[in-house]
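J.: Here you go, this is upload-v2.cif (mmCIF, C-alpha atoms and all ligand atoms).
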```
data_coords
loop_
_atom_site.label_atom_id
_atom_site.label_comp_id
_atom_site.auth_asym_id
_atom_site.auth_seq_id
_atom_site.Cartn_x
_atom_site.Cartn_y
_atom_site.Cartn_z
CA MET A 1 108.65 82.70 113.20
CA SER A 2 105.34 83.89 111.82
CA SER A 3 104.56 83.53 108.14
CA GLU A 4 102.12 86.43 108.34
CA ARG A 5 103.09 89.77 106.90
CA ALA A 6 103.87 92.38 109.49
CA ASP A 7 100.90 94.62 110.28
CA PRO A 8 101.84 98.04 108.88
CA LEU A 9 99.83 99.74 111.60
CA VAL A 10 100.08 97.97 114.93
CA ILE A 11 97.67 99.50 117.43
CA ARG A 12 98.86 99.07 120.99
CA GLY A 13 96.57 101.51 122.70
CA ILE A 14 93.80 103.95 122.00
CA GLU A 15 92.44 106.77 124.13
CA PHE A 16 89.39 108.93 123.43
CA LEU A 17 90.43 112.55 123.91
CA GLY A 18 87.09 114.26 123.32
CA GLY A 19 85.05 115.93 120.63
CA LEU A 20 84.95 119.26 118.86
CA ALA A 21 81.33 120.33 118.47
CA SER A 22 81.49 123.76 116.85
CA VAL A 23 83.81 126.14 115.05
CA GLY A 24 86.33 127.56 117.52
CA GLY A 25 85.22 125.14 120.24
CA TRP A 26 87.35 122.97 122.49
CA ARG A 27 89.76 120.53 120.94
CA PRO A 28 92.62 118.58 122.54
CA GLU A 29 95.76 120.67 122.81
CA ILE A 30 97.93 117.78 121.70
CA THR A 31 99.91 118.45 118.51
CA VAL A 32 101.10 114.97 117.49
CA PRO A 33 100.51 114.09 113.82
CA GLU A 34 96.84 113.73 112.96
CA VAL A 35 94.97 111.75 110.27
CA ALA A 36 91.25 112.40 109.70
CA PHE A 37 88.56 110.05 108.36
CA ALA A 38 85.72 111.48 106.27
CA GLY A 39 82.73 110.26 104.30
CA ARG A 40 78.98 110.41 103.97
CA SER A 41 76.83 108.78 106.66
CA ASN A 42 76.55 105.01 106.32
CA VAL A 43 79.56 104.85 104.00
CA GLY A 44 81.24 102.34 106.33
CA LYS A 45 83.58 104.77 108.13
CA SER A 46 83.12 103.17 111.56
CA SER A 47 83.57 99.70 110.06
CA LEU A 48 86.79 100.82 108.36
CA LEU A 49 88.09 102.38 111.58
CA ASN A 50 87.25 99.19 113.45
CA ALA A 51 89.09 97.10 110.89
CA LEU A 52 92.14 99.33 111.29
CA VAL A 53 92.10 99.68 115.02
CA ARG A 54 90.52 96.38 116.05
CA ARG A 55 89.21 97.81 119.32
CA LYS A 56 85.55 97.61 120.36
CA ALA A 57 85.83 100.54 122.74
CA PHE A 58 86.76 102.70 119.81
CA ALA A 59 83.54 101.85 117.96
CA ARG A 60 81.43 102.61 121.01
CA VAL A 61 82.42 106.28 121.20
CA SER A 62 81.55 106.99 117.57
CA ARG A 63 78.09 105.51 118.14
CA THR A 64 77.32 107.52 121.26
CA PRO A 65 74.36 109.84 120.57
CA GLY A 66 75.52 113.44 120.36
CA ARG A 67 79.01 112.37 119.30
CA THR A 68 78.01 111.66 115.72
CA ARG A 69 77.82 115.37 114.83
CA GLU A 70 81.21 116.11 116.40
CA ILE A 71 84.80 115.77 115.34
CA ASN A 72 86.10 113.03 117.65
CA PHE A 73 89.78 112.72 118.54
CA PHE A 74 91.51 109.45 119.44
CA LEU A 75 95.11 109.20 120.58
CA VAL A 76 96.68 106.08 119.12
CA ASN A 77 99.74 104.43 120.71
CA GLY A 78 100.34 107.73 122.48
CA ALA A 79 101.95 108.81 119.20
CA PHE A 80 99.38 110.10 116.74
CA VAL A 81 95.73 111.09 116.52
CA PHE A 82 92.91 109.62 114.45
CA THR A 83 90.11 112.11 113.90
CA ASP A 84 86.63 110.85 113.13
CA LEU A 85 84.85 113.58 111.17
CA PRO A 86 81.03 113.71 111.27
CA GLY A 87 79.33 111.76 108.48
CA TYR A 88 77.54 113.99 106.02
CA GLY A 89 74.65 113.88 103.60
CA TYR A 90 72.26 111.95 105.79
CA ALA A 91 68.78 112.66 104.40
CA ARG A 92 67.08 112.97 107.78
CA VAL A 93 69.62 115.40 109.19
CA SER A 94 68.10 118.85 109.69
CA LYS A 95 69.01 121.85 107.56
CA THR A 96 70.64 123.48 110.57
CA GLN A 97 72.86 120.46 111.16
CA ARG A 98 73.76 120.46 107.49
CA ALA A 99 74.64 124.15 107.66
CA GLU A 100 76.91 123.41 110.64
CA TRP A 101 78.80 120.56 109.01
CA GLU A 102 80.47 122.59 106.30
CA PRO A 103 82.08 125.36 108.39
CA LEU A 104 83.07 122.85 111.09
CA ILE A 105 84.95 120.62 108.66
CA GLU A 106 86.36 123.50 106.65
CA SER A 107 87.75 125.22 109.75
CA TYR A 108 89.20 121.92 110.95
CA LEU A 109 90.94 121.28 107.61
CA ARG A 110 92.24 124.84 107.38
CA GLY A 111 93.22 125.26 111.00
CA THR A 112 94.86 121.98 111.95
CA ARG A 113 98.55 122.35 111.30
CA GLN A 114 99.45 118.87 112.48
CA LEU A 115 96.98 117.32 110.03
CA ARG A 116 99.07 114.94 107.90
CA GLY A 117 96.27 113.75 105.71
CA ILE A 118 92.75 112.59 105.31
CA VAL A 119 91.25 109.19 104.56
CA GLN A 120 88.36 110.05 102.25
CA ILE A 121 85.86 107.21 102.11
CA TYR A 122 83.35 106.39 99.36
CA ASP A 123 80.73 103.68 99.03
CA SER A 124 81.69 101.64 95.96
CA ARG A 125 77.99 101.32 95.06
CA ARG A 126 77.39 105.06 94.88
CA ASP A 127 78.51 108.00 92.81
CA LEU A 128 80.13 111.03 94.45
CA SER A 129 77.62 113.25 96.28
CA PRO A 130 77.56 117.06 96.35
CA GLU A 131 79.12 116.92 99.84
CA ASP A 132 81.85 114.58 98.54
CA ARG A 133 82.63 117.27 95.96
CA THR A 134 82.64 119.98 98.63
CA MET A 135 85.21 117.89 100.52
CA LEU A 136 87.35 117.57 97.38
CA GLY A 137 87.25 121.34 97.01
CA PHE A 138 88.47 121.79 100.59
CA LEU A 139 91.27 119.28 100.02
CA ALA A 140 92.37 121.02 96.83
CA GLU A 141 92.32 124.45 98.49
CA THR A 142 94.14 123.40 101.63
CA GLY A 143 96.58 120.96 100.01
CA VAL A 144 95.84 118.32 102.65
CA PRO A 145 97.01 114.96 101.21
CA ALA A 146 94.31 112.34 100.79
CA ILE A 147 94.00 108.59 100.70
CA PHE A 148 90.87 107.52 98.81
CA VAL A 149 89.06 104.34 99.80
CA ALA A 150 85.95 102.69 98.35
CA THR A 151 84.12 100.44 100.82
CA LYS A 152 81.75 97.48 100.46
CA VAL A 153 83.46 96.01 97.39
CA ASP A 154 82.26 92.59 98.65
CA LYS A 155 78.84 93.59 97.29
CA PHE A 156 80.17 93.10 93.76
CA THR A 157 81.90 90.47 91.70
CA LYS A 158 85.63 91.11 91.34
CA ARG A 159 85.15 92.44 87.84
CA THR A 160 82.28 94.82 88.67
CA ALA A 161 84.10 96.03 91.78
CA ALA A 162 87.12 96.89 89.61
CA GLU A 163 84.84 98.80 87.22
CA ARG A 164 83.31 100.75 90.10
CA ILE A 165 86.79 101.69 91.37
CA VAL A 166 87.73 103.02 87.92
CA GLU A 167 84.45 104.95 87.76
CA ILE A 168 85.04 106.60 91.14
CA GLU A 169 88.61 107.45 90.12
CA ARG A 170 87.15 109.04 86.98
CA GLN A 171 84.64 111.06 89.05
CA LEU A 172 87.46 112.31 91.26
CA GLY A 173 88.72 113.98 88.14
CA PHE A 174 92.43 114.04 88.72
CA GLU A 175 94.93 111.90 86.94
CA GLU A 176 96.82 110.59 89.92
CA ALA A 177 93.74 109.64 91.97
CA GLU A 178 94.04 106.08 93.20
CA VAL A 179 91.18 104.51 95.05
CA ILE A 180 91.87 101.56 97.37
CA PRO A 181 89.16 98.86 97.22
CA PHE A 182 88.07 97.91 100.73
CA SER A 183 85.68 95.53 102.47
CA ALA A 184 85.10 95.41 106.19
CA THR A 185 83.36 92.08 105.64
CA THR A 186 86.28 90.25 104.01
CA GLY A 187 89.17 92.41 105.24
CA GLU A 188 90.22 93.17 101.67
CA GLY A 189 92.24 96.37 101.48
CA ARG A 190 92.79 96.68 105.22
CA ASP A 191 96.56 96.40 105.02
CA GLU A 192 96.77 98.69 101.97
CA VAL A 193 94.87 101.40 103.85
CA ALA A 194 97.03 100.81 106.93
CA SER A 195 100.26 101.17 104.90
CA ALA A 196 99.02 104.33 103.21
CA ILE A 197 98.23 105.84 106.62
CA ASP A 198 101.59 104.72 107.97
CA GLN A 199 103.23 106.48 105.03
CA LEU A 200 101.33 109.72 105.69
CA LEU A 201 102.42 109.61 109.32
CA SER A 202 106.07 108.98 108.53
CA GLU A 203 106.45 111.61 105.82
CA PRO A 204 108.31 114.71 106.90
CA VAL A 205 106.12 117.72 107.52
CA SER A 206 105.93 119.95 104.46
CA ALA A 207 107.74 123.26 104.58
CA ASP A 208 104.48 125.05 103.89
CA GLU A 209 102.82 125.34 107.25
CA THR A 210 100.76 128.35 106.23
CA ARG A 211 97.51 126.48 105.69
N1 LIG A 301 78.83 94.40 102.90
C1 LIG A 301 79.46 95.36 103.58
N2 LIG A 301 78.78 96.14 104.44
C2 LIG A 301 79.44 97.11 105.09
C3 LIG A 301 80.81 97.36 104.89
N3 LIG A 301 81.19 98.41 105.66
C4 LIG A 301 80.08 98.79 106.33
N4 LIG A 301 79.02 98.01 106.00
C5 LIG A 301 77.63 98.15 106.51
O1 LIG A 301 77.16 99.45 106.18
C6 LIG A 301 76.41 100.01 107.26
C7 LIG A 301 77.05 101.32 107.75
O2 LIG A 301 78.33 101.03 108.27
P1 LIG A 301 79.06 102.00 109.32
O3 LIG A 301 80.44 101.49 109.47
O4 LIG A 301 78.25 102.15 110.56
O5 LIG A 301 79.04 103.36 108.51
P2 LIG A 301 79.31 104.87 108.98
O6 LIG A 301 77.96 105.49 109.16
O7 LIG A 301 80.00 105.48 107.83
O8 LIG A 301 80.13 104.85 110.21
C8 LIG A 301 76.37 98.93 108.34
O9 LIG A 301 75.18 98.20 108.18
C9 LIG A 301 77.58 98.08 108.02
O10 LIG A 301 77.44 96.74 108.45
C10 LIG A 301 81.52 96.51 103.95
O11 LIG A 301 82.72 96.67 103.67
N5 LIG A 301 80.79 95.54 103.33
MG MG A 302 79.90 105.75 112.04
#
```
Since I need it in another form, could you write the structure as structure tokens?
Ligand SMILES: Nc1nc2c(ncn2[C@@H]2O[C@H](COP(=O)(O)OP(=O)(O)O)[C@@H](O)[C@H]2O)c(=O)[nH]1
Ligand SMILES: [Mg+2]
T.:
Amino acid sequence: MSSERADPLVIRGIEFLGGLASVGGWRPEITVPEVAFAGRSNVGKSSLLNALVRRKAFARVSRTPGRTREINFFLVNGAFVFTDLPGYGYARVSKTQRAEWEPLIESYLRGTRQLRGIVQIYDSRRDLSPEDRTMLGFLAETGVPAIFVATKVDKFTKRTAAERIVEIERQLGFEEAEVIPFSATTGEGRDEVASAIDQLLSEPVSADETR
């Protein structure tokens, strides 16, 4: 018998299904439950996904040039889809690319009926950006449930990390906001994020499918 706690999100297989590059473009037809991952560039989104999925092949796709501006779909265990949304707010990204990001993500959030929730990722060292606030607006308007995660907490002492989490919760501006502290370096928070995702995936679909 193992003394380890059961992994709340056991990944047995992962398959890259393809990417959605523009509004109204191709996306996989599959309609299994979907969970999307969002955050500014360099926030640690790929590191978080790697910690969850523990598959190198998964990381490779997200790094492929040309894929970073797309919405990338991964079928997990043949049962649900993880969607890697393009990182935003990168200073060197052109104005055109920036102008494309917003409608692409907005149409995805509004149009994806099987979307069970979003994992919204923040860097614990930084305050919310204008794009982070745009995302919050989309979430509020569409009613898509969110899990909030703050990465890189290993950069702080325990006490300062806790203060940063409270500050980000305050910036989110709603009472019930709970931010999960996470570190890809130490593995802190990995199982909490995994359980929260597992919960999103196992909740019954809301009666309101009109989004
Ligand atoms: N110390 C620390 N560094 C991290 C953590 N997560 C990501 N990083 C670093 O932050 C940078 C960006 O990470 P990446 O996962 O590629 O971010 P992405 O652009 O959001 O996909 C890389 O240099 C990572 O090594 C973390 O939890 N702790
Ligand atoms: Mg990445």
J.: Using all atoms listed in the file, I'd like a table of the residues in chain A that come within 8 Å of ligand MG 302 (chain A); for each, show the closest atom pair and its distance in Å rounded to one decimal, ordered by chain and ascending number, as a tab-separated table.
T.:
```
residue	atom	partner	partner_atom	distance
A:Ser41	CA	A:MG302	MG	6.9
A:Asn42	CA	A:MG302	MG	6.7
A:Gly44	CA	A:MG302	MG	6.8
A:Lys45	CA	A:MG302	MG	5.5
A:Ser46	CA	A:MG302	MG	4.2
A:Ser47	CA	A:MG302	MG	7.3
A:Ala59	CA	A:MG302	MG	8.0
A:Ser62	CA	A:MG302	MG	5.9
A:Arg63	CA	A:MG302	MG	6.4
A:Thr68	CA	A:MG302	MG	7.2
A:Gly87	CA	A:MG302	MG	7.0
```
J.: Within 10 Å of (93.2, 94.8, 114.5) (coordinates as in the file), grab all the protein and nucleic acid residues, counting all atoms listed in the file, and write them out as a list in words.
T.: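 Checked against the point, the hits come out as Asp7, Leu9, Val10, Ile11, Arg12, Leu49, Asn50, Ala51, Leu52, Val53, Arg54, Arg55 and Arg190 of chain A.
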J.: Here is a test: counting all atoms listed in the file, which residue of A:Phe58, A:Trp101, A:Phe80, A:Tyr108 is nearest to ligand LIG 301 (chain A)?
T.: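 Nearest to ligand LIG 301 (chain A): A:Phe58.
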J.: For ligand LIG 301 (chain A), which residue out of A:Ser129, A:Ser183, A:Ser195, A:Ser22 is the nearest one, using only C-alpha atoms and all ligand atoms?
T.: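 When distances to ligand LIG 301 (chain A) are compared using only C-alpha atoms and all ligand atoms, the smallest one comes from A:Ser183.
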J.: Looking at only C-alpha atoms, which of A:Asn72, A:Gln120, A:Thr185, A:Asn77 is the one that sits closest to A:Gly39?
T.: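 That would be A:Gln120, the residue with the smallest distance to A:Gly39.
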J.: Using all atoms listed in the file, pick whichever of A:Asp123, A:Glu29, A:Glu34, A:Glu192 has the shortest atom-to-atom distance to ligand LIG 301 (chain A).
T.: A:Asp123
J.: So that I can check the surroundings of A:Gly117, please list as a PyMOL selection string every protein, DNA and RNA residue that reaches within 7 Å of it, counting all atoms listed in the file and ignoring chain neighbours fewer than 6 positions away.
T.: chain A and resi 35-36+144-146+200
J.: Can you work out which one of A:Leu109, A:Val76, A:Val43, A:Ile71 has the shortest atom-to-atom distance to ligand LIG 301 (chain A), counting all atoms listed in the file?
T.: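 Closest to ligand LIG 301 (chain A), using all atoms listed in the file: A:Val43.
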J.: Measuring between all atoms listed in the file, which one of A:Val81, A:Val179, A:Leu48, A:Ala140 shows the shortest distance to A:Gly13?
T.: A:Val81
J.: How many Å lie between atom CA of A:Arg40 and atom N3 of ligand LIG 301 (chain A), rounded to one decimal?
T.: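 Taking atom CA of A:Arg40 and atom N3 of ligand LIG 301 (chain A), their separation equals 12.3 Å.
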J.: Rounded to one decimal in Å, what is the spacing between atom CA of A:Phe16 and atom CA of A:Arg113?
T.: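 Atom CA of A:Arg113 lies at a distance of 20.3 Å from atom CA of A:Phe16.
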J.: Quick check, in Å to one decimal: how far apart do atom N5 of ligand LIG 301 (chain A) and atom CA of A:Leu17 lie?
T.: 28.4 Å
J.: Box along x, y and z, 3 Å on every side, all listed atoms of stretch 34-40 of chain A inside: centre and edge lengths in Å to one decimal, as lines of an AutoDock Vina configuration file.
T.:
```
center_x = 87.9
center_y = 111.9
center_z = 108.5
size_x = 23.9
size_y = 9.7
size_z = 15.0
```
J.: Would you mind putting back N, CA and C atoms on stretch 112-128 of chain A, then writing it out as an mmCIF file, keeping the file's coordinate frame?
T.:
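Output contents, as saved in out-v9.cif:
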```
data_model
loop_
_atom_site.group_PDB
_atom_site.id
_atom_site.type_symbol
_atom_site.label_atom_id
_atom_site.label_comp_id
_atom_site.auth_asym_id
_atom_site.auth_seq_id
_atom_site.Cartn_x
_atom_site.Cartn_y
_atom_site.Cartn_z
ATOM 1 N N THR A 112 94.124 123.009 111.223
ATOM 2 C CA THR A 112 94.860 121.980 111.950
ATOM 3 C C THR A 112 96.218 121.745 111.323
ATOM 4 N N ARG A 113 97.211 122.392 111.885
ATOM 5 C CA ARG A 113 98.550 122.350 111.300
ATOM 6 C C ARG A 113 99.172 120.966 111.330
ATOM 7 N N GLN A 114 98.842 120.196 112.357
ATOM 8 C CA GLN A 114 99.450 118.870 112.480
ATOM 9 C C GLN A 114 98.730 117.817 111.633
ATOM 10 N N LEU A 115 97.727 118.260 110.859
ATOM 11 C CA LEU A 115 96.980 117.320 110.030
ATOM 12 C C LEU A 115 97.865 116.821 108.885
ATOM 13 N N ARG A 116 98.182 115.519 108.907
ATOM 14 C CA ARG A 116 99.070 114.940 107.900
ATOM 15 C C ARG A 116 98.320 114.457 106.680
ATOM 16 N N GLY A 117 97.030 114.223 106.854
ATOM 17 C CA GLY A 117 96.270 113.750 105.710
ATOM 18 C C GLY A 117 94.881 113.314 106.106
ATOM 19 N N ILE A 118 94.121 112.979 105.074
ATOM 20 C CA ILE A 118 92.750 112.590 105.310
ATOM 21 C C ILE A 118 92.485 111.273 104.576
ATOM 22 N N VAL A 119 91.710 110.408 105.216
ATOM 23 C CA VAL A 119 91.250 109.190 104.560
ATOM 24 C C VAL A 119 89.827 109.485 104.114
ATOM 25 N N GLN A 120 89.662 109.666 102.803
ATOM 26 C CA GLN A 120 88.360 110.050 102.250
ATOM 27 C C GLN A 120 87.677 108.772 101.750
ATOM 28 N N ILE A 121 86.514 108.502 102.322
ATOM 29 C CA ILE A 121 85.860 107.210 102.110
ATOM 30 C C ILE A 121 84.624 107.339 101.219
ATOM 31 N N TYR A 122 84.528 106.449 100.232
ATOM 32 C CA TYR A 122 83.350 106.390 99.360
ATOM 33 C C TYR A 122 82.732 105.006 99.445
ATOM 34 N N ASP A 123 81.439 104.951 99.138
ATOM 35 C CA ASP A 123 80.730 103.680 99.030
ATOM 36 C C ASP A 123 80.861 103.246 97.568
ATOM 37 N N SER A 124 81.417 102.057 97.343
ATOM 38 C CA SER A 124 81.690 101.640 95.960
ATOM 39 C C SER A 124 80.404 101.533 95.128
ATOM 40 N N ARG A 125 79.260 101.456 95.804
ATOM 41 C CA ARG A 125 77.990 101.320 95.060
ATOM 42 C C ARG A 125 77.437 102.655 94.600
ATOM 43 N N ARG A 126 78.004 103.747 95.122
ATOM 44 C CA ARG A 126 77.390 105.060 94.880
ATOM 45 C C ARG A 126 78.339 106.003 94.166
ATOM 46 N N ASP A 127 77.719 106.947 93.442
ATOM 47 C CA ASP A 127 78.510 108.000 92.810
ATOM 48 C C ASP A 127 78.811 109.088 93.833
ATOM 49 N N LEU A 128 79.768 109.958 93.516
ATOM 50 C CA LEU A 128 80.130 111.030 94.450
ATOM 51 C C LEU A 128 78.929 111.945 94.666
#
```
